[in-house]
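Text of the file my_file-v4.cif, holding mmCIF, C-alpha atoms:
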```cif
data_structure
#
loop_
_atom_site.label_atom_id
_atom_site.label_comp_id
_atom_site.auth_asym_id
_atom_site.auth_seq_id
_atom_site.Cartn_x
_atom_site.Cartn_y
_atom_site.Cartn_z
CA MET A 158 80.11 17.24 -18.92
CA SER A 159 77.38 19.68 -19.98
CA ALA A 160 76.23 17.19 -22.62
CA VAL A 161 75.77 14.54 -19.91
CA ILE A 162 73.78 16.94 -17.73
CA THR A 163 71.64 17.96 -20.71
CA THR A 164 70.97 14.31 -21.50
CA LEU A 165 70.01 13.60 -17.87
CA ILE A 166 67.67 16.60 -17.84
CA ILE A 167 66.03 15.42 -21.06
CA ILE A 168 65.61 11.89 -19.60
CA LEU A 169 64.17 13.34 -16.39
CA LEU A 170 61.71 15.52 -18.30
CA ALA A 171 60.72 12.52 -20.39
CA ILE A 172 60.05 10.48 -17.25
CA VAL A 173 57.96 13.31 -15.80
CA ALA A 174 56.05 13.62 -19.07
CA ILE A 175 55.42 9.88 -19.14
CA GLY A 176 54.25 10.03 -15.51
CA ILE A 177 51.84 12.87 -16.28
CA LEU A 178 50.60 11.07 -19.37
CA TRP A 179 50.10 7.87 -17.35
CA VAL A 180 48.07 9.72 -14.71
CA VAL A 181 45.82 11.15 -17.44
CA VAL A 182 45.47 7.80 -19.19
CA LYS A 183 44.82 6.05 -15.86
CA LYS A 184 42.04 8.49 -15.03
CA VAL A 185 40.47 7.94 -18.43
CA ILE A 186 40.72 4.16 -18.07
CA MET A 187 39.28 4.25 -14.55
CA LYS A 188 36.47 6.52 -15.67
CA GLN A 189 35.60 4.26 -18.60
CA SER A 190 35.86 1.19 -16.36
CA GLU A 191 33.49 2.78 -13.85
CA LEU A 192 31.03 3.64 -16.62
CA ILE A 193 31.14 0.08 -17.97
CA GLU A 194 30.64 -1.33 -14.47
CA MET A 195 27.74 1.03 -13.82
CA LYS A 196 26.04 0.17 -17.10
CA GLN A 197 26.42 -3.56 -16.44
CA LYS A 198 24.49 -3.13 -13.20
CA PHE A 199 21.44 -1.95 -15.09
CA PHE A 200 20.97 -5.42 -16.53
CA ASN A 201 20.56 -6.89 -13.03
CA GLU A 202 17.47 -4.74 -12.39
CA GLY A 203 13.85 -5.03 -13.38
CA VAL A 204 10.94 -2.69 -12.69
CA GLU A 205 7.44 -2.78 -14.16
CA ILE A 206 4.46 -0.44 -13.97
CA THR A 207 1.60 -2.38 -12.39
CA ARG A 208 -0.94 0.44 -12.30
CA ALA A 209 -1.30 4.01 -13.55
CA GLN A 210 -4.23 6.23 -12.54
CA LEU A 211 -4.66 9.70 -13.96
CA GLU A 212 -7.04 12.00 -12.09
CA GLY A 213 -6.88 15.54 -13.45
CA SER A 214 -3.34 16.80 -12.92
CA LEU A 215 -2.50 13.98 -10.48
CA ALA A 216 -0.69 10.88 -11.73
CA ASN A 217 -0.69 7.88 -9.37
CA ILE A 218 1.78 5.22 -10.45
CA THR A 219 2.43 1.87 -8.79
CA ILE A 220 5.60 0.02 -9.74
CA LYS A 221 6.96 -3.38 -8.80
CA LYS A 222 10.61 -4.36 -8.60
CA ILE A 223 10.90 -7.73 -10.33
CA GLY A 224 14.69 -8.08 -10.51
CA GLY A 225 17.81 -7.33 -8.55
CA GLU A 226 19.61 -8.63 -5.50
CA ILE A 227 17.81 -9.43 -2.29
CA GLU A 228 20.93 -9.63 -0.11
CA THR A 229 21.66 -6.71 2.20
CA LYS A 230 24.28 -4.36 0.76
CA THR A 231 25.51 -0.90 1.63
CA ASP A 232 27.70 1.51 -0.28
CA GLU A 233 28.85 3.18 2.94
CA GLU A 234 31.78 1.83 4.95
CA GLU A 235 30.02 2.56 8.23
CA VAL A 236 28.73 -0.35 10.30
CA GLN A 237 25.02 -0.88 9.83
CA LYS A 238 23.02 0.25 12.82
CA THR A 239 20.36 -2.09 14.15
CA VAL A 240 17.25 -1.03 15.98
CA GLU A 241 15.12 -2.68 18.66
CA SER A 242 11.93 -3.91 17.04
CA ASP A 243 8.59 -5.43 17.96
CA VAL A 244 7.14 -7.45 15.09
CA ILE A 245 3.79 -9.18 14.74
CA SER A 246 3.20 -11.60 11.90
CA VAL A 247 -0.47 -11.75 10.87
CA VAL A 248 -1.11 -15.00 9.01
CA ASP A 249 -4.03 -16.19 6.90
CA LEU A 250 -5.24 -19.55 8.26
CA SER A 251 -8.36 -19.75 6.08
CA GLY A 252 -9.33 -23.02 4.43
CA SER A 253 -7.82 -22.06 1.07
CA MET A 254 -4.33 -22.13 2.60
CA ARG A 255 -4.45 -25.91 2.32
CA ALA A 256 -6.96 -27.35 -0.14
CA CYS A 257 -7.71 -29.97 -2.77
CA HIS A 258 -8.89 -28.33 -6.00
CA ASP A 259 -11.06 -29.76 -8.79
CA ILE A 260 -12.07 -32.92 -6.96
CA ASN A 261 -14.38 -35.53 -8.47
CA SER A 262 -17.24 -35.18 -5.93
CA TRP A 263 -18.47 -33.46 -2.79
CA TYR A 264 -18.71 -36.89 -1.20
CA CYS A 265 -14.96 -37.38 -1.48
CA CYS A 266 -14.39 -34.00 0.19
CA TYR A 267 -16.66 -34.66 3.16
CA TYR A 268 -15.97 -38.32 3.83
CA THR A 269 -12.45 -38.97 2.52
CA LEU A 270 -10.70 -35.65 3.08
CA GLU A 271 -13.00 -34.50 5.91
CA GLY A 272 -12.99 -30.94 4.60
CA ASP A 273 -15.42 -28.22 3.55
CA TYR A 274 -16.73 -28.42 -0.02
CA GLY A 275 -17.29 -25.43 -2.30
CA ASP A 276 -17.25 -24.83 -6.07
CA GLY A 277 -15.54 -28.13 -6.82
CA ASN A 278 -12.81 -27.62 -4.21
CA CYS A 279 -12.24 -29.06 -0.75
CA TYR A 280 -10.94 -26.64 1.88
CA GLY A 281 -9.57 -26.84 5.41
CA ILE A 282 -7.94 -30.25 5.08
CA THR A 283 -4.93 -31.63 6.92
CA LEU A 284 -1.43 -32.22 5.63
CA ASP A 285 -1.76 -36.00 5.70
CA THR A 286 -4.59 -35.99 3.12
CA GLU A 287 -2.37 -35.10 0.16
CA ASN A 288 -2.32 -38.64 -1.27
CA ASP A 289 -6.09 -39.02 -0.87
CA CYS A 290 -6.57 -35.66 -2.63
CA THR A 291 -4.67 -36.68 -5.74
CA SER A 292 -5.54 -40.40 -5.86
CA SER A 293 -8.96 -40.99 -4.28
CA CYS A 294 -10.49 -37.61 -5.17
CA SER A 295 -8.53 -36.99 -8.42
CA GLY A 296 -7.84 -33.42 -7.26
CA THR A 297 -4.94 -30.97 -7.33
CA TRP A 298 -3.12 -30.49 -4.03
CA ILE A 299 -2.66 -26.87 -2.90
CA ASP A 300 -0.54 -26.22 0.18
CA ARG A 301 0.32 -22.63 0.98
CA LEU A 302 0.33 -23.19 4.73
CA THR A 303 3.56 -25.21 4.92
CA PRO A 304 5.59 -22.57 2.97
CA SER A 305 4.03 -19.93 5.22
CA GLN A 306 5.19 -21.82 8.29
CA ASP A 307 8.69 -22.15 6.87
CA ALA A 308 8.79 -18.44 5.98
CA ASN A 309 7.70 -17.39 9.46
CA LYS A 310 10.35 -19.59 11.06
CA GLU A 311 12.94 -17.86 8.88
CA LEU A 312 11.52 -14.52 10.04
CA VAL A 313 12.04 -15.65 13.64
CA ASN A 314 15.63 -16.70 12.92
CA ILE A 315 16.63 -13.39 11.33
CA LEU A 316 14.89 -11.17 13.88
CA PHE A 317 16.62 -12.86 16.79
CA GLU A 318 20.07 -12.51 15.30
CA SER A 319 19.84 -9.07 16.94
CA GLU A 320 19.27 -8.59 20.63
CA ASN A 321 16.16 -7.00 22.14
CA ASN A 322 13.88 -7.82 19.20
CA ARG A 323 10.53 -9.43 19.97
CA MET A 324 7.97 -11.15 17.81
CA GLY A 325 4.31 -12.07 18.17
CA LEU A 326 1.84 -14.08 16.08
CA VAL A 327 -1.76 -13.52 15.01
CA GLY A 328 -3.68 -16.17 13.09
CA TYR A 329 -7.02 -15.40 11.48
CA ASN A 330 -9.68 -17.21 9.46
CA SER A 331 -13.39 -16.41 9.87
CA ASP A 332 -12.35 -14.75 13.14
CA ILE A 333 -9.22 -14.62 15.25
CA GLU A 334 -7.82 -18.11 15.79
CA GLU A 335 -6.81 -17.62 19.43
CA THR A 336 -4.89 -20.89 19.70
CA ALA A 337 -2.66 -19.86 16.76
CA GLY A 338 -1.51 -16.56 18.25
CA PHE A 339 1.35 -15.65 20.57
CA ASP A 340 2.19 -12.53 22.56
CA LEU A 341 5.37 -10.53 21.87
CA THR A 342 8.32 -12.60 23.03
CA ASN A 343 11.97 -13.42 22.33
CA ASN A 344 11.44 -17.14 22.95
CA VAL A 345 12.39 -18.78 19.65
CA GLU A 346 11.34 -22.30 20.66
CA SER A 347 7.86 -21.21 21.77
CA LEU A 348 7.27 -19.27 18.55
CA ASN A 349 8.39 -22.15 16.33
CA THR A 350 6.22 -24.62 18.27
CA LYS A 351 3.20 -22.37 17.80
CA ILE A 352 3.93 -21.97 14.07
CA ASP A 353 4.10 -25.77 13.71
CA SER A 354 0.62 -26.07 15.24
CA TRP A 355 -1.16 -23.99 12.58
CA GLU A 356 -4.05 -25.54 10.66
CA ALA A 357 -6.23 -24.11 7.88
CA GLN A 358 -10.01 -23.74 7.99
CA GLY A 359 -12.82 -21.20 7.60
CA GLY A 360 -13.09 -17.82 5.86
CA THR A 361 -10.93 -14.69 5.64
CA CYS A 362 -11.43 -11.96 8.24
CA LEU A 363 -8.46 -9.84 7.25
CA CYS A 364 -9.58 -6.88 9.35
CA CYS A 365 -9.77 -9.19 12.38
CA GLY A 366 -6.10 -10.04 12.01
CA ILE A 367 -4.99 -6.41 11.65
CA ASN A 368 -7.16 -5.27 14.58
CA LYS A 369 -5.75 -8.01 16.81
CA ALA A 370 -2.16 -7.16 15.88
CA SER A 371 -2.79 -3.48 16.60
CA GLU A 372 -4.32 -4.39 19.96
CA LYS A 373 -1.30 -6.52 20.91
CA MET A 374 1.09 -3.74 19.93
CA GLU A 375 -0.84 -1.15 21.94
CA GLN A 376 -0.91 -3.35 25.03
CA GLN A 377 2.54 -4.96 24.89
CA SER A 378 4.89 -2.58 23.07
CA SER A 379 6.23 0.83 24.09
CA GLU A 380 6.08 4.20 22.37
CA GLU A 381 9.78 4.36 21.50
CA LYS A 382 9.96 0.85 20.00
CA VAL A 383 10.02 0.38 16.24
CA LYS A 384 6.87 -1.55 15.42
CA THR A 385 6.12 -3.69 12.38
CA ILE A 386 3.02 -5.62 11.37
CA ILE A 387 3.36 -8.10 8.51
CA VAL A 388 -0.02 -9.00 6.98
CA MET A 389 -0.25 -12.09 4.76
CA SER A 390 -3.26 -13.32 2.77
CA ASP A 391 -3.87 -15.81 -0.04
CA GLY A 392 -7.29 -14.53 -1.12
CA ASP A 393 -9.82 -11.78 -0.62
CA ALA A 394 -11.37 -10.49 2.60
CA ASN A 395 -14.88 -11.89 3.05
CA VAL A 396 -15.68 -11.20 6.73
CA LYS A 397 -16.50 -7.69 8.04
CA CYS A 398 -15.49 -6.03 11.33
CA TYR A 399 -17.85 -3.97 13.48
CA GLU A 400 -14.92 -1.86 14.74
CA GLN A 401 -14.53 -0.30 11.29
CA GLY A 402 -18.14 -0.65 10.18
CA THR A 403 -17.69 0.36 6.55
CA GLY A 404 -20.09 -2.35 5.42
CA ASN A 405 -17.47 -3.95 3.18
CA ALA A 406 -14.94 -6.60 4.28
CA GLY A 407 -12.13 -5.24 2.10
CA GLN A 408 -12.69 -1.63 3.14
CA ASP A 409 -12.80 -2.76 6.78
CA ALA A 410 -9.33 -4.29 6.34
CA ILE A 411 -7.92 -1.11 4.78
CA GLN A 412 -9.49 1.03 7.49
CA ALA A 413 -8.09 -1.32 10.16
CA ALA A 414 -4.60 -0.63 8.81
CA CYS A 415 -5.25 3.12 8.76
CA ASP A 416 -6.62 2.96 12.32
CA ALA A 417 -3.54 1.07 13.51
CA ASN A 418 -1.25 3.62 11.90
CA SER A 419 -3.05 6.53 13.55
CA THR A 420 -3.05 4.80 16.94
CA LEU A 421 0.52 3.50 17.15
CA THR A 422 3.82 5.40 16.89
CA ASN A 423 6.79 4.18 14.81
CA LEU A 424 4.60 1.68 12.94
CA THR A 425 5.15 0.16 9.50
CA ILE A 426 2.73 -2.31 7.91
CA TYR A 427 3.97 -4.66 5.19
CA SER A 428 1.55 -6.85 3.22
CA ILE A 429 2.23 -10.08 1.35
CA GLY A 430 -0.02 -11.72 -1.23
CA VAL A 431 0.34 -15.49 -1.66
CA GLY A 432 -0.87 -17.34 -4.76
CA ASP A 433 -2.66 -16.18 -7.89
CA SER A 434 -6.13 -15.47 -6.41
CA VAL A 435 -5.11 -12.81 -3.95
CA ASN A 436 -6.65 -9.32 -3.99
CA GLU A 437 -3.45 -7.40 -4.70
CA GLU A 438 -5.11 -3.98 -4.83
CA LEU A 439 -6.51 -4.50 -1.33
CA LEU A 440 -3.12 -5.53 0.07
CA ARG A 441 -1.40 -2.60 -1.63
CA ASP A 442 -3.86 -0.22 0.02
CA ILE A 443 -3.22 -1.85 3.40
CA ALA A 444 0.54 -1.38 3.01
CA GLU A 445 0.05 2.19 1.83
CA CYS A 446 -2.03 2.98 4.94
CA GLY A 447 0.84 1.62 7.04
CA ASN A 448 3.62 3.43 5.14
CA GLY A 449 5.00 0.06 4.09
CA GLU A 450 5.33 -2.07 0.97
CA TYR A 451 3.34 -4.80 -0.72
CA PHE A 452 5.12 -7.99 -1.81
CA SER A 453 3.76 -10.53 -4.27
CA ALA A 454 4.40 -14.27 -3.95
CA VAL A 455 2.38 -15.62 -6.86
CA ASP A 456 5.15 -18.22 -7.01
CA ILE A 457 4.96 -19.73 -3.53
CA SER A 458 8.68 -20.59 -3.67
CA ASN A 459 9.42 -16.85 -3.28
CA LEU A 460 7.65 -16.59 0.07
CA THR A 461 10.60 -17.35 2.35
CA GLN A 462 12.78 -14.97 0.34
CA ILE A 463 10.21 -12.20 0.79
CA TYR A 464 10.02 -12.73 4.56
CA GLN A 465 13.83 -12.67 4.69
CA HIS A 466 13.85 -9.37 2.85
CA VAL A 467 11.22 -7.85 5.14
CA ALA A 468 13.11 -9.04 8.22
CA GLU A 469 16.30 -7.39 6.97
CA GLN A 470 14.43 -4.15 6.33
CA ILE A 471 13.09 -4.25 9.87
CA ILE A 472 16.37 -4.75 11.73
CA VAL A 473 18.67 -2.53 9.66
CA THR A 474 18.22 1.24 9.61
CA HIS A 475 20.20 1.78 6.41
CA LYS A 476 20.50 -0.60 3.51
CA SER A 477 20.55 -0.56 -0.25
CA THR A 478 19.36 -3.48 -2.36
CA HIS A 479 19.51 -1.52 -5.60
CA ASN A 480 22.06 -1.16 -8.35
CA PHE A 481 20.74 2.31 -9.12
CA ASN A 482 20.16 5.42 -7.03
CA ASN A 483 17.05 7.06 -8.49
CA LEU A 484 14.15 6.47 -10.83
CA LEU A 485 13.44 8.82 -13.70
CA PHE A 486 9.77 9.22 -14.64
CA VAL A 487 9.05 10.77 -18.05
CA PHE A 488 5.49 11.91 -18.78
CA TYR A 489 4.30 12.62 -22.33
CA ASN A 490 1.22 14.38 -23.67
CA GLU A 491 0.58 14.75 -27.39
CA ILE A 492 3.21 17.44 -27.96
CA ASP A 493 5.47 17.76 -24.92
CA SER A 494 7.10 15.88 -22.04
CA TYR A 495 8.01 16.39 -18.38
CA LYS A 496 10.65 14.61 -16.27
CA GLU A 497 10.79 13.98 -12.56
CA THR A 498 13.11 11.81 -10.43
CA SER A 499 12.53 9.93 -7.18
CA SER A 500 14.98 8.37 -4.73
CA GLU A 501 12.19 6.29 -3.14
CA LEU A 502 12.71 2.78 -4.49
CA PRO A 503 10.72 -0.42 -3.90
CA GLY A 504 12.42 -3.46 -2.44
CA VAL A 505 12.97 -6.61 -4.46
CA LEU A 506 9.58 -8.19 -5.23
CA GLY A 507 8.00 -5.17 -3.55
CA THR A 508 5.69 -2.48 -4.89
CA LYS A 509 5.56 1.26 -4.21
CA LYS A 510 3.05 3.95 -5.13
CA TYR A 511 4.14 7.37 -6.44
CA THR A 512 1.97 10.46 -6.78
CA PHE A 513 3.00 13.33 -9.07
CA ASP A 514 1.21 16.67 -9.33
CA LEU A 515 1.67 17.83 -12.92
CA THR A 516 -0.17 21.14 -12.47
CA GLY A 517 1.66 23.81 -14.48
CA LYS A 518 4.23 21.25 -15.65
CA LEU A 519 2.40 19.26 -18.28
CA GLU A 520 -1.13 20.08 -19.33
CA GLY A 521 -3.61 17.88 -21.16
CA GLN A 522 -4.09 14.14 -21.35
CA ILE A 523 -1.07 11.99 -20.49
CA GLN A 524 -0.44 9.59 -23.35
CA LYS A 525 2.65 7.76 -22.17
CA ILE A 526 4.82 7.22 -19.08
CA GLU A 527 8.37 5.84 -19.19
CA ILE A 528 10.63 4.78 -16.31
CA TYR A 529 14.44 4.75 -16.40
CA PRO A 530 17.07 3.95 -13.73
CA ILE A 531 19.68 6.53 -12.75
CA ILE A 532 23.09 5.76 -11.28
CA ILE A 533 25.18 8.49 -9.67
CA THR A 534 28.88 7.79 -10.10
CA THR A 535 31.54 8.52 -7.50
CA SER A 536 32.39 11.66 -9.46
CA GLY A 537 28.77 12.84 -9.14
CA LYS A 538 27.80 12.22 -12.75
CA GLU A 539 24.30 10.92 -13.45
CA ILE A 540 24.00 8.00 -15.85
CA ILE A 541 20.56 7.21 -17.21
CA GLY A 542 20.06 3.53 -17.94
CA PRO A 543 17.90 1.73 -20.49
CA LEU A 544 14.10 1.87 -20.40
CA LEU A 545 12.71 -0.22 -17.52
CA ASP A 546 9.04 -0.11 -18.47
CA ILE A 547 6.49 1.92 -20.38
CA TRP A 548 2.78 2.66 -19.90
CA GLU A 549 0.59 3.93 -22.73
CA ALA A 550 -3.00 5.20 -22.60
CA GLU A 551 -5.50 2.96 -24.33
#
```
Any chance you could put this one into structure tokens?
Amino acid sequence: MSAVITTLIIILLAIVAIGILWVVVKKVIMKQSELIEMKQKFFNEGVEITRAQLEGSLANITIKKIGGEIETKTDEEEVQKTVESDVISVVDLSGSMRACHDINSWYCCYYTLEGDYGDGNCYGITLDTENDCTSSCSGTWIDRLTPSQDANKELVNILFESENNRMGLVGYNSDIEETAGFDLTNNVESLNTKIDSWEAQGGTCLCCGINKASEKMEQQSSEEKVKTIIVMSDGDANVKCYEQGTGNAGQDAIQAACDANSTLTNLTIYSIGVGDSVNEELLRDIAECGNGEYFSAVDISNLTQIYQHVAEQIIVTHKSTHNFNNLLFVFYNEIDSYKETSSELPGVLGTKKYTFDLTGKLEGQIQKIEIYPIIITTSGKEIIGPLLDIWEAE
């Protein structure tokens, strides 16, 4: 009898030992699986340094997120909280938004396309002249206006998925195009009809568009409302504003954004550059003045995606579109290095500026800057990913 009991005890102890061993092995497997999953996420991300300015002990770095997911995701189980928003879309309606480039003569521009000729290009033409542009005038058809219309309609659709949001429109060229604008409203049909009516002509008074949007917000919105101005341009500002009076069209546009931010509460200004001849530095400065982000749509096919992303940022108070939690910046001089992390991350296709004061941390000329992603696991461990980008002094 005692032998049977002893055998049962041994079997029971063996089962317990196996159970304990399995728990340990399971934890190890889960931990390794989590690490593998985390590391795989790094390959879905892309960040590049677009500008680095070193002024004494201050390092100003602008980075752009060029990879990752644009869909809204959240690691928390809580329901995302939406906010009531007033949004004004400021749209470039200058002649370059729809044009025929490299045509065979000024005559073809004036009399066949009925546009404005300049430097071998024909500007401010209508949508139905595409065939004449390529056949009669032997030109290259450029249409940024139609994608802009489509993107703004998508913006309308997403904003009005939530109640109590309103949207307005401001169109600008050499001045404010009054017939292209619309006051803050929740009438989807009216907004889409107005967007369909847009035509391209004239110059680029970027400050005019920002001033008009600020004026509409001040007159039609309320202090407690979340306010957003989205500024889009396909070129460079070339018309000045007396309200700012800096004497320079670009500086007037930047100052207009700064003025709007100081006048209005709860305001964010996003800027979007369309095409390959846009003044990106100007649009970055506009977004920076409005505590927002700059987005680049050199490839016009990305424009709707960018507007979708901005719309989601507007209506959701918490979201994460990143597969990592922080960025690690590593600064090198000739003999030493200094590390600093930031949890402020740019959105997909967006840019963000970072300023680091290296006084007492790293002296002398900065020779190199590296950026790495950091993921924080559920156990609280930090995992540093592969090098995202590197900047080196010339």
Would you please work out which residue, of A:Thr336, A:Ser305, A:Thr403, A:Ser354, is nearest to Gln462 of chain A when using only C-alpha atoms?
A:Ser305
Measure the distance from atom CA of Lys351 of chain A to atom CA of Ile245 of chain A in Å and round it to one decimal.
13.6 Å
Which residues are near Glu527 of chain A? Cut-off 10 Å, only C-alpha atoms, ignore same chain within fewer than 5 positions. Put them as a PyMOL selection string.
chain A and resi 206+485-489+496+544-549
Using the chain letters and numbers from this file, what does the PyMOL selection byres ((chain A and resi 434) around 12) select? Give the answer as a VMD selection string.
chain A and resid 253 to 254 390 to 394 430 to 433 435 to 438 453 to 456
What is the atom CA of Tyr511 of chain A to atom CA of Ile429 of chain A distance in Å?
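These atoms are spaced 19.2 Å apart.
Interatomic distance, atom CA of Asn321 of chain A against atom CA of Ser347 of chain A: 16.5 Å.
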Residue with smallest distance to Thr297 of chain A - pool A:Asn278, A:Ser500, A:Asn314, A:Thr219, counting all atoms listed in the file
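The closest residue to Thr297 of chain A is A:Asn278.
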Decode the PyMOL selection byres ((chain A and resi 493) around 12) for the given file into explicit residues and return them as a ChimeraX atom specification.
/A:487-492,494-496,518-525
May I ask which of the residues A:Val345, A:Ala209, A:Met374, A:Leu363 is the closest one to Ala413 of chain A, counting only C-alpha atoms?
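Selected residue with least distance to Ala413 of chain A: A:Leu363.
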Compute the distance from (5.3, -22.9, 8.3) to each atom, counting all atoms listed in the file, keep the residues with any atom at most 9 Å away, and return them as JSON, numbers by chain; use the coordinates of the file.
{"A": [301, 302, 303, 304, 305, 306, 307, 308, 309, 310, 349, 352, 353, 354, 355]}
Identify all residues satisfying the PyMOL selection byres ((chain A and resi 256) around 7) in the given file; provide them as a ChimeraX atom specification.
/A:252-255,257-258,279-282,298-300
Could you give me, as a VMD selection string, the residues within 7 Å of segment 381-389 of chain A, counting all atoms listed in the file and dropping anything in the same chain fewer than 5 positions from it?
chain A and resid 241 to 249 423 to 430
Residue subset to file, keeping C-alpha atoms, as a PDB file, in the frame of the given file:
```pdb
ATOM      1  CA  GLU A 241      15.120  -2.680  18.660  1.00  0.00           C
ATOM      2  CA  SER A 242      11.930  -3.910  17.040  1.00  0.00           C
ATOM      3  CA  ASP A 243       8.590  -5.430  17.960  1.00  0.00           C
ATOM      4  CA  VAL A 244       7.140  -7.450  15.090  1.00  0.00           C
ATOM      5  CA  ILE A 245       3.790  -9.180  14.740  1.00  0.00           C
ATOM      6  CA  SER A 246       3.200 -11.600  11.900  1.00  0.00           C
ATOM      7  CA  VAL A 247      -0.470 -11.750  10.870  1.00  0.00           C
ATOM      8  CA  VAL A 248      -1.110 -15.000   9.010  1.00  0.00           C
ATOM      9  CA  ASP A 249      -4.030 -16.190   6.900  1.00  0.00           C
ATOM     10  CA  ASN A 423       6.790   4.180  14.810  1.00  0.00           C
ATOM     11  CA  LEU A 424       4.600   1.680  12.940  1.00  0.00           C
ATOM     12  CA  THR A 425       5.150   0.160   9.500  1.00  0.00           C
ATOM     13  CA  ILE A 426       2.730  -2.310   7.910  1.00  0.00           C
ATOM     14  CA  TYR A 427       3.970  -4.660   5.190  1.00  0.00           C
ATOM     15  CA  SER A 428       1.550  -6.850   3.220  1.00  0.00           C
ATOM     16  CA  ILE A 429       2.230 -10.080   1.350  1.00  0.00           C
ATOM     17  CA  GLY A 430      -0.020 -11.720  -1.230  1.00  0.00           C
TER      18      GLY A 430
END
```
